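So the structure is just underneath, and the comments pick up after that.
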Amino acid sequence: MSGVPAAPPRPWRAHLTRPLVLIALFAAALALAAWSGSGYAPTLIARTAILALAAVSLSFLIGQAGLVSFGHAAPLGIGAYVVLIAGEYGITNALVLAPLGFAAAAAWSAGTGVIALRTRGVYFIMITLAFAQMLFYVAGSLSAFGGDDGLGIAARSTLFGARFLRTDTELAICAIALLGAALLALERLAAAPFGLMLRTARANEEKLAALGLDPFGHRLLALAAAGGVAGLSGVLLANQVEYVSPATMNWHVSGELIVMVVLGGTTRLGGAVIGAVIVMAIDETLGHFTEYWKFGLGLVILFAVLLRGAEVRGLLRGAAHG
């Protein structure tokens, strides 16, 4: 089918290379931090891996389905609130919280997606933003869980009663492992017929309609899968900061995730990981010198757009014309 941006079929082994390299680099950085005795480096590595996990899920939506969601912070926040609310009722087992966070975030994404997917382009962007802001204000009204100010979690997640996330090094190991698993799973999904269907619909939905095919179900499943992965990121984030507030769901968090995806590029899921590393590096370097560090980030984004002009223009055209 002409016009479908599908790469030639590659063996499954070929899809392993990039994710494994990225995970190896994260592991090497964590090992170096442990060897040097740095107390802060594991915290930074853990946070970078956690945000990279959310960015990868958004990159899957944008790169495969052409769905630019400006509300991706919502499933991230849902995962965090699962940890908070469950902890208040004495549930801290990670084997319960992780699936619950994934399921709750996926259910939100699928439920709102039923409505959002009936729109296209800029309208889709705005309706996902609207849904996320609605959830943001709902979370702010939960006075039992801190309201606008948020609330600290009862305890970090456990595994059969054992405190396996006592340090940020242990949390970083868990985050890196989940990031690797998500990269491998989403890469496999993108290489499967499911991913081909998403890319075909993104490139030319009219041809699919002429063949009697409707990509709605595939897009809805993609939204649910991406939302679920973002929910896992939220579970990890709540464990790291040991605090949850509605700010996790605010629009600027969704904007930062989009920036990570744009910086790394949407052609490969691993690009979102690189984008997350760049954003965190700028935050850590310029943030120590000025509160206006985002000005420097803006210059980096401008430079990336100039280098990747065709890809960004294609993304904007897709948003404008659906």
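Each chain in the structure tokens gets a letter, A, B and so on, in the order shown; residues start at 1 in every chain, and ligands are counted from 1 in the order they appear.
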
Which residues are close to range 239-247 of chain A, i.e. within 9 Å by only C-alpha atoms, leaving aside same-chain residues fewer than 6 positions away? Reply as a ChimeraX atom specification. /A:43,46-47,77,80-81,83-84,135-140,145-157,165,168,171,253

Residues of the last selection are to be written out with N, CA and C atoms, as a PDB file, in the first residue's frame.
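Below you can see part-v9.pdb, which holds the result:
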```pdb
ATOM      1  N   THR A  43      19.683   9.284  42.472  1.00  0.00           N
ATOM      2  CA  THR A  43      18.391   9.974  42.465  1.00  0.00           C
ATOM      3  C   THR A  43      18.106  10.567  41.095  1.00  0.00           C
ATOM      4  N   ALA A  46      17.494   7.751  38.559  1.00  0.00           N
ATOM      5  CA  ALA A  46      16.158   7.179  38.752  1.00  0.00           C
ATOM      6  C   ALA A  46      15.089   8.085  38.167  1.00  0.00           C
ATOM      7  N   ARG A  47      15.174   9.384  38.453  1.00  0.00           N
ATOM      8  CA  ARG A  47      14.159  10.315  37.948  1.00  0.00           C
ATOM      9  C   ARG A  47      14.192  10.384  36.427  1.00  0.00           C
ATOM     10  N   GLY A  77      -0.259  10.853  36.472  1.00  0.00           N
ATOM     11  CA  GLY A  77      -0.758  11.215  37.789  1.00  0.00           C
ATOM     12  C   GLY A  77      -1.644  10.141  38.400  1.00  0.00           C
ATOM     13  N   ALA A  80       0.456   7.652  40.109  1.00  0.00           N
ATOM     14  CA  ALA A  80       0.959   8.184  41.385  1.00  0.00           C
ATOM     15  C   ALA A  80      -0.127   8.146  42.458  1.00  0.00           C
ATOM     16  N   TYR A  81      -1.347   8.509  42.096  1.00  0.00           N
ATOM     17  CA  TYR A  81      -2.443   8.517  43.064  1.00  0.00           C
ATOM     18  C   TYR A  81      -2.841   7.107  43.494  1.00  0.00           C
ATOM     19  N   VAL A  83      -0.725   4.765  44.163  1.00  0.00           N
ATOM     20  CA  VAL A  83       0.207   4.486  45.262  1.00  0.00           C
ATOM     21  C   VAL A  83      -0.253   5.199  46.534  1.00  0.00           C
ATOM     22  N   LEU A  84      -0.633   6.467  46.389  1.00  0.00           N
ATOM     23  CA  LEU A  84      -1.068   7.252  47.545  1.00  0.00           C
ATOM     24  C   LEU A  84      -2.325   6.670  48.189  1.00  0.00           C
ATOM     25  N   LEU A 135      -9.248  16.256  35.247  1.00  0.00           N
ATOM     26  CA  LEU A 135      -8.758  15.342  36.267  1.00  0.00           C
ATOM     27  C   LEU A 135      -7.877  16.074  37.276  1.00  0.00           C
ATOM     28  N   PHE A 136      -7.116  17.043  36.788  1.00  0.00           N
ATOM     29  CA  PHE A 136      -6.271  17.869  37.665  1.00  0.00           C
ATOM     30  C   PHE A 136      -7.115  18.559  38.737  1.00  0.00           C
ATOM     31  N   TYR A 137      -8.236  19.138  38.320  1.00  0.00           N
ATOM     32  CA  TYR A 137      -9.095  19.839  39.279  1.00  0.00           C
ATOM     33  C   TYR A 137      -9.845  18.868  40.187  1.00  0.00           C
ATOM     34  N   VAL A 138     -10.200  17.700  39.672  1.00  0.00           N
ATOM     35  CA  VAL A 138     -10.823  16.684  40.519  1.00  0.00           C
ATOM     36  C   VAL A 138      -9.854  16.246  41.620  1.00  0.00           C
ATOM     37  N   ALA A 139      -8.592  16.017  41.246  1.00  0.00           N
ATOM     38  CA  ALA A 139      -7.587  15.615  42.227  1.00  0.00           C
ATOM     39  C   ALA A 139      -7.401  16.697  43.287  1.00  0.00           C
ATOM     40  N   GLY A 140      -7.479  17.957  42.860  1.00  0.00           N
ATOM     41  CA  GLY A 140      -7.340  19.057  43.806  1.00  0.00           C
ATOM     42  C   GLY A 140      -8.486  19.143  44.796  1.00  0.00           C
ATOM     43  N   PHE A 145      -7.109  13.345  50.557  1.00  0.00           N
ATOM     44  CA  PHE A 145      -5.764  12.994  50.085  1.00  0.00           C
ATOM     45  C   PHE A 145      -4.923  14.239  49.818  1.00  0.00           C
ATOM     46  N   GLY A 146      -5.174  15.284  50.598  1.00  0.00           N
ATOM     47  CA  GLY A 146      -4.316  16.472  50.553  1.00  0.00           C
ATOM     48  C   GLY A 146      -4.817  17.614  49.716  1.00  0.00           C
ATOM     49  N   GLY A 147      -5.827  17.376  48.866  1.00  0.00           N
ATOM     50  CA  GLY A 147      -6.355  18.444  48.031  1.00  0.00           C
ATOM     51  C   GLY A 147      -5.291  19.043  47.133  1.00  0.00           C
ATOM     52  N   ASP A 148      -5.290  20.374  47.014  1.00  0.00           N
ATOM     53  CA  ASP A 148      -4.318  21.068  46.155  1.00  0.00           C
ATOM     54  C   ASP A 148      -2.888  20.881  46.640  1.00  0.00           C
ATOM     55  N   ASP A 149      -2.701  20.713  47.944  1.00  0.00           N
ATOM     56  CA  ASP A 149      -1.351  20.620  48.506  1.00  0.00           C
ATOM     57  C   ASP A 149      -0.731  19.243  48.345  1.00  0.00           C
ATOM     58  N   GLY A 150      -1.558  18.234  48.094  1.00  0.00           N
ATOM     59  CA  GLY A 150      -1.028  16.882  47.976  1.00  0.00           C
ATOM     60  C   GLY A 150      -0.776  16.253  49.335  1.00  0.00           C
ATOM     61  N   LEU A 151      -0.201  15.055  49.304  1.00  0.00           N
ATOM     62  CA  LEU A 151       0.003  14.299  50.540  1.00  0.00           C
ATOM     63  C   LEU A 151       1.165  13.332  50.351  1.00  0.00           C
ATOM     64  N   GLY A 152       1.909  13.112  51.425  1.00  0.00           N
ATOM     65  CA  GLY A 152       3.000  12.144  51.385  1.00  0.00           C
ATOM     66  C   GLY A 152       2.461  10.720  51.392  1.00  0.00           C
ATOM     67  N   ILE A 153       3.132   9.814  50.698  1.00  0.00           N
ATOM     68  CA  ILE A 153       2.676   8.419  50.691  1.00  0.00           C
ATOM     69  C   ILE A 153       3.019   7.768  52.023  1.00  0.00           C
ATOM     70  N   ALA A 154       2.256   6.739  52.383  1.00  0.00           N
ATOM     71  CA  ALA A 154       2.452   6.087  53.682  1.00  0.00           C
ATOM     72  C   ALA A 154       3.830   5.423  53.774  1.00  0.00           C
ATOM     73  N   ALA A 155       4.249   4.787  52.684  1.00  0.00           N
ATOM     74  CA  ALA A 155       5.549   4.111  52.655  1.00  0.00           C
ATOM     75  C   ALA A 155       5.864   3.736  51.221  1.00  0.00           C
ATOM     76  N   ARG A 156       7.130   3.553  50.943  1.00  0.00           N
ATOM     77  CA  ARG A 156       7.508   3.070  49.618  1.00  0.00           C
ATOM     78  C   ARG A 156       6.999   1.651  49.416  1.00  0.00           C
ATOM     79  N   SER A 157       6.818   1.294  48.165  1.00  0.00           N
ATOM     80  CA  SER A 157       6.255  -0.019  47.848  1.00  0.00           C
ATOM     81  C   SER A 157       7.151  -1.136  48.362  1.00  0.00           C
ATOM     82  N   LEU A 165      12.763  -1.083  47.948  1.00  0.00           N
ATOM     83  CA  LEU A 165      13.027   0.241  47.376  1.00  0.00           C
ATOM     84  C   LEU A 165      13.503   1.208  48.460  1.00  0.00           C
ATOM     85  N   ASP A 168      17.481   5.094  46.619  1.00  0.00           N
ATOM     86  CA  ASP A 168      17.236   5.516  45.243  1.00  0.00           C
ATOM     87  C   ASP A 168      18.019   4.659  44.256  1.00  0.00           C
ATOM     88  N   LEU A 171      15.669   1.912  43.607  1.00  0.00           N
ATOM     89  CA  LEU A 171      14.583   2.438  42.788  1.00  0.00           C
ATOM     90  C   LEU A 171      15.036   2.647  41.348  1.00  0.00           C
ATOM     91  N   VAL A 253       3.415  19.396  32.696  1.00  0.00           N
ATOM     92  CA  VAL A 253       4.086  18.087  32.703  1.00  0.00           C
ATOM     93  C   VAL A 253       3.903  17.414  31.345  1.00  0.00           C
TER      94      VAL A 253
END
```

Which range 117-178 of chain A residues have any atom within 9 Å of an atom of range 94-112 of chain A, and for each, what is the nearest pair of atoms with distance in Å to one decimal, counting only C-alpha atoms, rows sorted by chain and number, as a Markdown table?
```
| residue | atom | partner | partner_atom | distance |
| --- | --- | --- | --- | --- |
| A:Leu117 | CA | A:Thr112 | CA | 8.5 |
| A:Thr128 | CA | A:Thr112 | CA | 7.9 |
| A:Phe131 | CA | A:Thr112 | CA | 7.3 |
| A:Ser157 | CA | A:Ala94 | CA | 5.4 |
| A:Thr158 | CA | A:Ala94 | CA | 5.7 |
| A:Leu159 | CA | A:Ala94 | CA | 5.7 |
| A:Phe160 | CA | A:Ala94 | CA | 8.3 |
```

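Nearest to Ile258 in chain A of all the residues A:Thr167, A:Ser57, A:Thr92, A:Thr200 is A:Ser57, based on only C-alpha atoms.
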
From a DSSP calculation on the backbone, collect every residue of range 139-259 of chain A in strand (DSSP E or B) and output the set as a ChimeraX atom specification. /A:151-152,158-159,162,243-244

Could you take the residues named above and write them with N, CA, C and O atoms, as a PDB file, in the first residue's frame?
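Printed below is result.pdb as written:
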```pdb
ATOM      1  N   LEU A 151      -0.201  15.055  49.304  1.00  0.00           N
ATOM      2  CA  LEU A 151       0.003  14.299  50.540  1.00  0.00           C
ATOM      3  C   LEU A 151       1.165  13.332  50.351  1.00  0.00           C
ATOM      4  O   LEU A 151       1.378  12.797  49.254  1.00  0.00           O
ATOM      5  N   GLY A 152       1.909  13.112  51.425  1.00  0.00           N
ATOM      6  CA  GLY A 152       3.000  12.144  51.385  1.00  0.00           C
ATOM      7  C   GLY A 152       2.461  10.720  51.392  1.00  0.00           C
ATOM      8  O   GLY A 152       1.440  10.449  52.029  1.00  0.00           O
ATOM      9  N   THR A 158       6.516  -2.239  48.703  1.00  0.00           N
ATOM     10  CA  THR A 158       7.231  -3.409  49.212  1.00  0.00           C
ATOM     11  C   THR A 158       7.018  -4.595  48.266  1.00  0.00           C
ATOM     12  O   THR A 158       6.212  -4.526  47.337  1.00  0.00           O
ATOM     13  N   LEU A 159       7.747  -5.656  48.527  1.00  0.00           N
ATOM     14  CA  LEU A 159       7.592  -6.897  47.761  1.00  0.00           C
ATOM     15  C   LEU A 159       7.441  -8.031  48.755  1.00  0.00           C
ATOM     16  O   LEU A 159       8.406  -8.426  49.403  1.00  0.00           O
ATOM     17  N   ALA A 162       8.839  -7.138  52.041  1.00  0.00           N
ATOM     18  CA  ALA A 162      10.237  -6.697  52.070  1.00  0.00           C
ATOM     19  C   ALA A 162      10.359  -5.310  51.454  1.00  0.00           C
ATOM     20  O   ALA A 162       9.770  -5.034  50.406  1.00  0.00           O
ATOM     21  N   TYR A 243       5.689  11.544  47.656  1.00  0.00           N
ATOM     22  CA  TYR A 243       4.699  12.619  47.790  1.00  0.00           C
ATOM     23  C   TYR A 243       3.913  12.690  46.488  1.00  0.00           C
ATOM     24  O   TYR A 243       4.479  12.528  45.412  1.00  0.00           O
ATOM     25  N   VAL A 244       2.613  12.929  46.595  1.00  0.00           N
ATOM     26  CA  VAL A 244       1.759  12.999  45.407  1.00  0.00           C
ATOM     27  C   VAL A 244       0.881  14.239  45.513  1.00  0.00           C
ATOM     28  O   VAL A 244       0.297  14.504  46.569  1.00  0.00           O
TER      29      VAL A 244
END
```

Neighbours of Leu257 in chain A within 12 Å (only C-alpha atoms; same-chain residues fewer than 2 positions away dropped), as an MDAnalysis selection string? chainID A and resid 48 50:59 62 68:74 76 230 248:255 259:264 272:280

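For the choices A:Ala65, A:Glu284, A:Phe303, A:Ile85, the atom-to-atom distance to Phe216 in chain A is smallest for A:Ala65 when using only C-alpha atoms.
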
Using only C-alpha atoms, which of the listed residues (A:Gln133, A:Pro19, A:Ala238, A:Leu223) sits closest to Leu178 in chain A? A:Pro19

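From CA of Arg18 in chain A back to CA of Ala281 in chain A, the distance works out to 21.0 Å.
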
Show me, as a PyMOL selection string, the residues that have an atom within 12 Å of Gly180 in chain A when counting only C-alpha atoms, minus same-chain residues fewer than 2 positions from it. chain A and resi 16-27+49-50+52-53+56+173-178+182-187+229+269-270+273

Counting only C-alpha atoms, what is within 9 Å of Asp214 in chain A, bar same-chain residues fewer than 6 positions away, as a PDB file with all heavy atoms, in the first residue's frame?
```pdb
ATOM      1  N   ALA A 201      -2.908   4.086   9.036  1.00  0.00           N
ATOM      2  CA  ALA A 201      -3.994   5.021   9.342  1.00  0.00           C
ATOM      3  C   ALA A 201      -3.463   6.439   9.472  1.00  0.00           C
ATOM      4  O   ALA A 201      -4.125   7.400   9.070  1.00  0.00           O
ATOM      5  CB  ALA A 201      -4.690   4.595  10.629  1.00  0.00           C
ATOM      6  N   GLU A 205      -5.723   7.528   5.986  1.00  0.00           N
ATOM      7  CA  GLU A 205      -6.900   6.862   6.537  1.00  0.00           C
ATOM      8  C   GLU A 205      -7.964   6.613   5.468  1.00  0.00           C
ATOM      9  O   GLU A 205      -8.751   5.671   5.563  1.00  0.00           O
ATOM     10  CB  GLU A 205      -7.485   7.712   7.666  1.00  0.00           C
ATOM     11  CG  GLU A 205      -8.536   6.997   8.485  1.00  0.00           C
ATOM     12  CD  GLU A 205      -8.921   7.758   9.721  1.00  0.00           C
ATOM     13  OE1 GLU A 205      -8.226   8.749  10.061  1.00  0.00           O
ATOM     14  OE2 GLU A 205      -9.920   7.370  10.363  1.00  0.00           O
ATOM     15  N   LEU A 208      -7.618   3.229   3.916  1.00  0.00           N
ATOM     16  CA  LEU A 208      -8.119   2.175   4.794  1.00  0.00           C
ATOM     17  C   LEU A 208      -9.643   2.095   4.726  1.00  0.00           C
ATOM     18  O   LEU A 208     -10.218   0.999   4.685  1.00  0.00           O
ATOM     19  CB  LEU A 208      -7.691   2.448   6.241  1.00  0.00           C
ATOM     20  CG  LEU A 208      -6.261   2.075   6.631  1.00  0.00           C
ATOM     21  CD1 LEU A 208      -6.035   2.391   8.098  1.00  0.00           C
ATOM     22  CD2 LEU A 208      -5.984   0.617   6.360  1.00  0.00           C
TER      23      LEU A 208
END
```

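Each of A:Gly212, A:Leu129, A:Thr169, A:Asn204 was compared to Trp35 in chain A using only C-alpha atoms, and A:Thr169 turns out to be the nearest.
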
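The interatomic distance for the pair CA of Ala225 in chain A and CA of Arg202 in chain A works out to 17.6 Å.
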
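The residue that comes closest to Glu88 in chain A, out of A:Leu213, A:Ala226, A:Ala144, A:Ala29 and on the basis of only C-alpha atoms, is A:Ala144.
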
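Pairwise distance (CA of Gly63 in chain A, CA of Met134 in chain A) equals 26.2 Å.
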
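Among the candidates A:Phe60, A:Phe124, A:Ala31, A:Val235, the residue lying nearest to Arg188 in chain A is A:Phe60 (atoms considered: only C-alpha atoms).
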